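Participant: Handing you a structure now.
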Amino acid sequence: MLVTPDVLANSSARLPEDNDPQETAEWLEAMEAVLKHGGPERAKFLLETLIAVADRSGAKMHGGITTPYVNTIPADDQPAFPGDRAIERKIKSIVRWNAMAMVLKANKTTNVGGHIATFASAATLYEIGFNHFFHGRSDSHPGDVVFFQGHASPGMYARAYVEGRLDEHKLDNFRQELKAGGGVPSYPHPWLMPDFWQYPTVSMGLGPIMSIYHARYNRYLRDRELADTDKARVWAFLGDGECDEPESLGSISLAGREKLDNLTWVINCNLQRLDGPVRGNGKIIQELEGVFRGAGWNVIKVVWGSEWDELLKNDHTGALARRMMEVVDGEYCDYVGRDMRTPDEVAKSKFISEEEDADRRGAYIRTVFFNTPELKSLVEHLSNQQIATLKRGGHDPLKVYAAYKAATEHKGQPTVILVKSVKGYGIPGDGGQGKFTTHQLKKLTVQIEAVPDMKAEEKAKRQTLAALRQFRDRFELPHVPDSELEHVPFYRPADDSPELKYIKARRTALGGPQPFRNNTFVPCKPPDRKGFERLYGATVEGKTASTTFAWVNLMTQLCRDPNVGKLLVPIVPDEGQTFGMPPMYRTFGMYSSVGQTYTPVDKGSLSEYRESKTGQILQEGINEAGSMASFIAAGTAYSTHGVNTIPFYIYYSMFGFQRIGDLAWAAADARCRGFLMGATAGRTTINGEGLQHEDGHSHLVAMTIPTCRTYDPAYAYELAVIVEEGINAMYVRGEECFYYLTVYNEAYDMPAMPGEAVREGIIRGLYPVKSVAPAGAKLEVQLLGSGVILNEALRAQQILADKFGIGSTVYSATSYQMLRKDALECERHNRLHPAAAPKVPYVQQVLGKTKGPVVATSDYMRALPETVAPYLNGRLLALGTDGFGRSETRKALRRFFEVDAEHVALAALCALVQRSELDRAVLAKAIADLGLNPDAPPPWTV
């Protein structure tokens, strides 16, 4: 497009007066010549050079990052629409009706909720995708991944029903999944609909960030020759209000930096969030355009429908474009949502017809938007009703198709399409389109002519019927007669109808259905046990090791495994130095889509920072949420791409579930597999780190996620056994779960694995480590320890033997969660099967026949070991690290939190006293002998 005065006039809302038009014309002619003979790239270079010179000279001519408030693709550049618009409109109207009917029917007798307005505003956006762009999985295409906007889920169910993929019973039971025959869930939930939804998205912000890292992971799979992903496009649909979530925009620079042209975002800018305008005093589309352009994205704006094309073409002075720019979003909301009745009519609940409403609305817009003689002259040939129906771009299939086509053909950048629409488009009546209450709309109602003495129930019924009739007539749905409106029937055209034939033809051309999740699982070969056996041996005398160090050694071995080595995906958020991973950087390389274009400062060292296009490690920088999104992409690749990549995401344990808990739930919902490694774990193991960095609760939070199996290994061989079991469980046997393992940075002597007999106990959560029975001992206790604090339990065992002549057995409690889960299953079985032989929980099998009290200690809150207390007949006394952390040494912290050996020994003595097995007089002397301060305040109060 050549540079003309009209274009210049349209370029800004506040251009200064031109005091030398002749000079301006000469510059414009010069730019036309450059564009004609040198092309856009040459023009861009010259402009950037001029701006740089002006900036250095003090003019501060920074380049703009927003464009006029008009469509990015001019009408003259729109491609021909390839579909049958008439049939596609019929299909879209049918889907609209069914989506609305589903929510209305569900709420006629329940209050299960649901959303009508979001899909109403986005129906065109989805239908264009379904008919022309969203590829299904086929022999020749891996299928696109579409992150559907969660609140629009009724539209996806409605279309699947029309396609014949869901039956009417499912739609009848919307949000009522426990009814006989089942229903469909509220939002995209792969766990609940494993053959339909791919990823959960309704926790706003998670779909956007997951889509970015999924698109990047597709490149990782391609570059490492694990899967052919070049044809796969990632789509993400989100709302403009959702962009205020930090996760939504927090990683867009990664997409720009990585040039992810396999990623397309569609932001439905209906200008409204849940409770009001997104930017009432500003312009969200302009704001987002600047943000995305600055992050290196290709931005396509779809602001105005085709009805505006002629008006803009006739806007020779740029007055209309300037007016479009200066009107703020709050006013645009007012144009479509304002109640057009007079105050007196509102007070009297007086009814006005649709035609009258449109006429008044058009007159209002003519007055307040086209507010100058010049603007009024642009629309003088239009009636008020025509002005009222000037569409926003998001409801125009031609504009949306042009944007999607341009996005899919664009190279070198991700694309965001900013689409302006109306929230609740087409919904009549109270709470309808454009109203700030429309997001919560569950029922339809419009004003009707007042009838004397009409009962409230009858009036409500008539209002609903009037609204349904109005909705039906607007979208030309003759298949729903007046006699059936009360029942809000679903409608599916006959199989031989033009609509059904068209839908099937389009989906066949695109490879298959969407949404769709692949459930075919092809197991891996088990990893070679030799890779784990190096951790079975004891550390060399005088050479200690931490469980984090053991994990790094294990990863180094496993990455060379012939069966699973290439599938391992180590992920780290810029803490590799902390975790001892740099040797892995040189050996396996860190993935970079461009390789390494610089010489690292540590070139040639054993820990050389080596980036590679085929690198295996994902070094994500300081970004836990992004790392978790990579974990989800890798952990679900078995479904999306049929490749069993095995992610190991290692991070500061304090910044796991506490920081990214919603993404952890999303991982579970997505049926993700893999290993989360909570490193530098525990509340007392990180020397000097203090309150925020000390984790004493991650195991409790992890236990809330049903598919997460949590472990707290103390020894290297325990870690090896758990990881081997986890790989076999998830990738060989096909169990749908993921693992959380805590590993520590404290080094100590690692014993050898006692033998194969301990394997079951490690996996099930508890096994005996060491027994001590002093000569003549009459008393006995059982001591449970986990992680690094197992060492305190062993030291307490020796104190009890040497100072008090008490025998004990120390157990490694590798997983309280697994113990509790087993106990719950036994308890439930016994309750529901009273005639069957009772099942005995594993924790009782191990401890039930032992003597004395059970004292448990860990580096976590005492609530963790207390989860198994109900199954130990009142024998358990738990110690834990309740309270805020402190900056101190490990020894001082363990004394402060009362989990060190001396406190464990005292707890054992107290438990014996409470059982009347030991004289209370022993306790005062023991407190003094053990050096404990009985007057110290409880750590959770300090």
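By convention here, the chains of the structure tokens are called A, B, ... in the order presented, each chain's residues are numbered starting at 1, and ligands are numbered starting at 1 in the order presented.
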Would you please extract all strand (DSSP E or B) residues from segment 343-498 of chain A, as assigned by DSSP on the backbone, and give them as a list in words?

Facilitator: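 Secondary structure check on segment 343-498 of chain A, strand (DSSP E or B): Arg392, Thr415, Val416, Ile417, Leu418, Val419 and Lys420 of chain A.
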
Participant: Any idea what's packed within 6 Å of segment 530-532 of chain A, counting only C-alpha atoms, ignoring anything in its chain fewer than 3 positions away? Could you give it as number ranges by chain?

Facilitator: A: 535, 557-558, 720

Participant: Got time to write the residues from that selection, C-alpha atoms, as a short mmCIF file (atom, residue, chain, number, x, y, z; two decimals), in the first residue's frame?

Facilitator:
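Below you can see out12.cif, which holds the result:
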data_model
loop_
_atom_site.label_atom_id
_atom_site.label_comp_id
_atom_site.auth_asym_id
_atom_site.auth_seq_id
_atom_site.Cartn_x
_atom_site.Cartn_y
_atom_site.Cartn_z
CA LEU A 535 23.41 -45.66 43.34
CA GLN A 557 23.50 -42.53 33.50
CA LEU A 558 19.88 -42.60 32.36
CA ALA A 720 17.14 -44.95 42.32
#

Participant: Segment 595-598 of chain A: which residues within 10 Å, counting only C-alpha atoms, same-chain residues fewer than 6 positions away excluded, as a ChimeraX atom specification?

Facilitator: /A:589,609-615

Participant: Looking at A:Trp97, A:Phe579, A:Tyr740, A:Tyr731, which one is nearest to Arg159 of chain A, with distances taken over only C-alpha atoms?

Facilitator: A:Trp97

Participant: For Val643 of chain A, work out the shell of residues within 8 Å, counting only C-alpha atoms and skipping chain neighbours fewer than 3 positions away, then give it as a list in words.

Facilitator: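 Result of the neighbour search: Leu226, Ala227, Ala637, Tyr638 and Ser639 of chain A.
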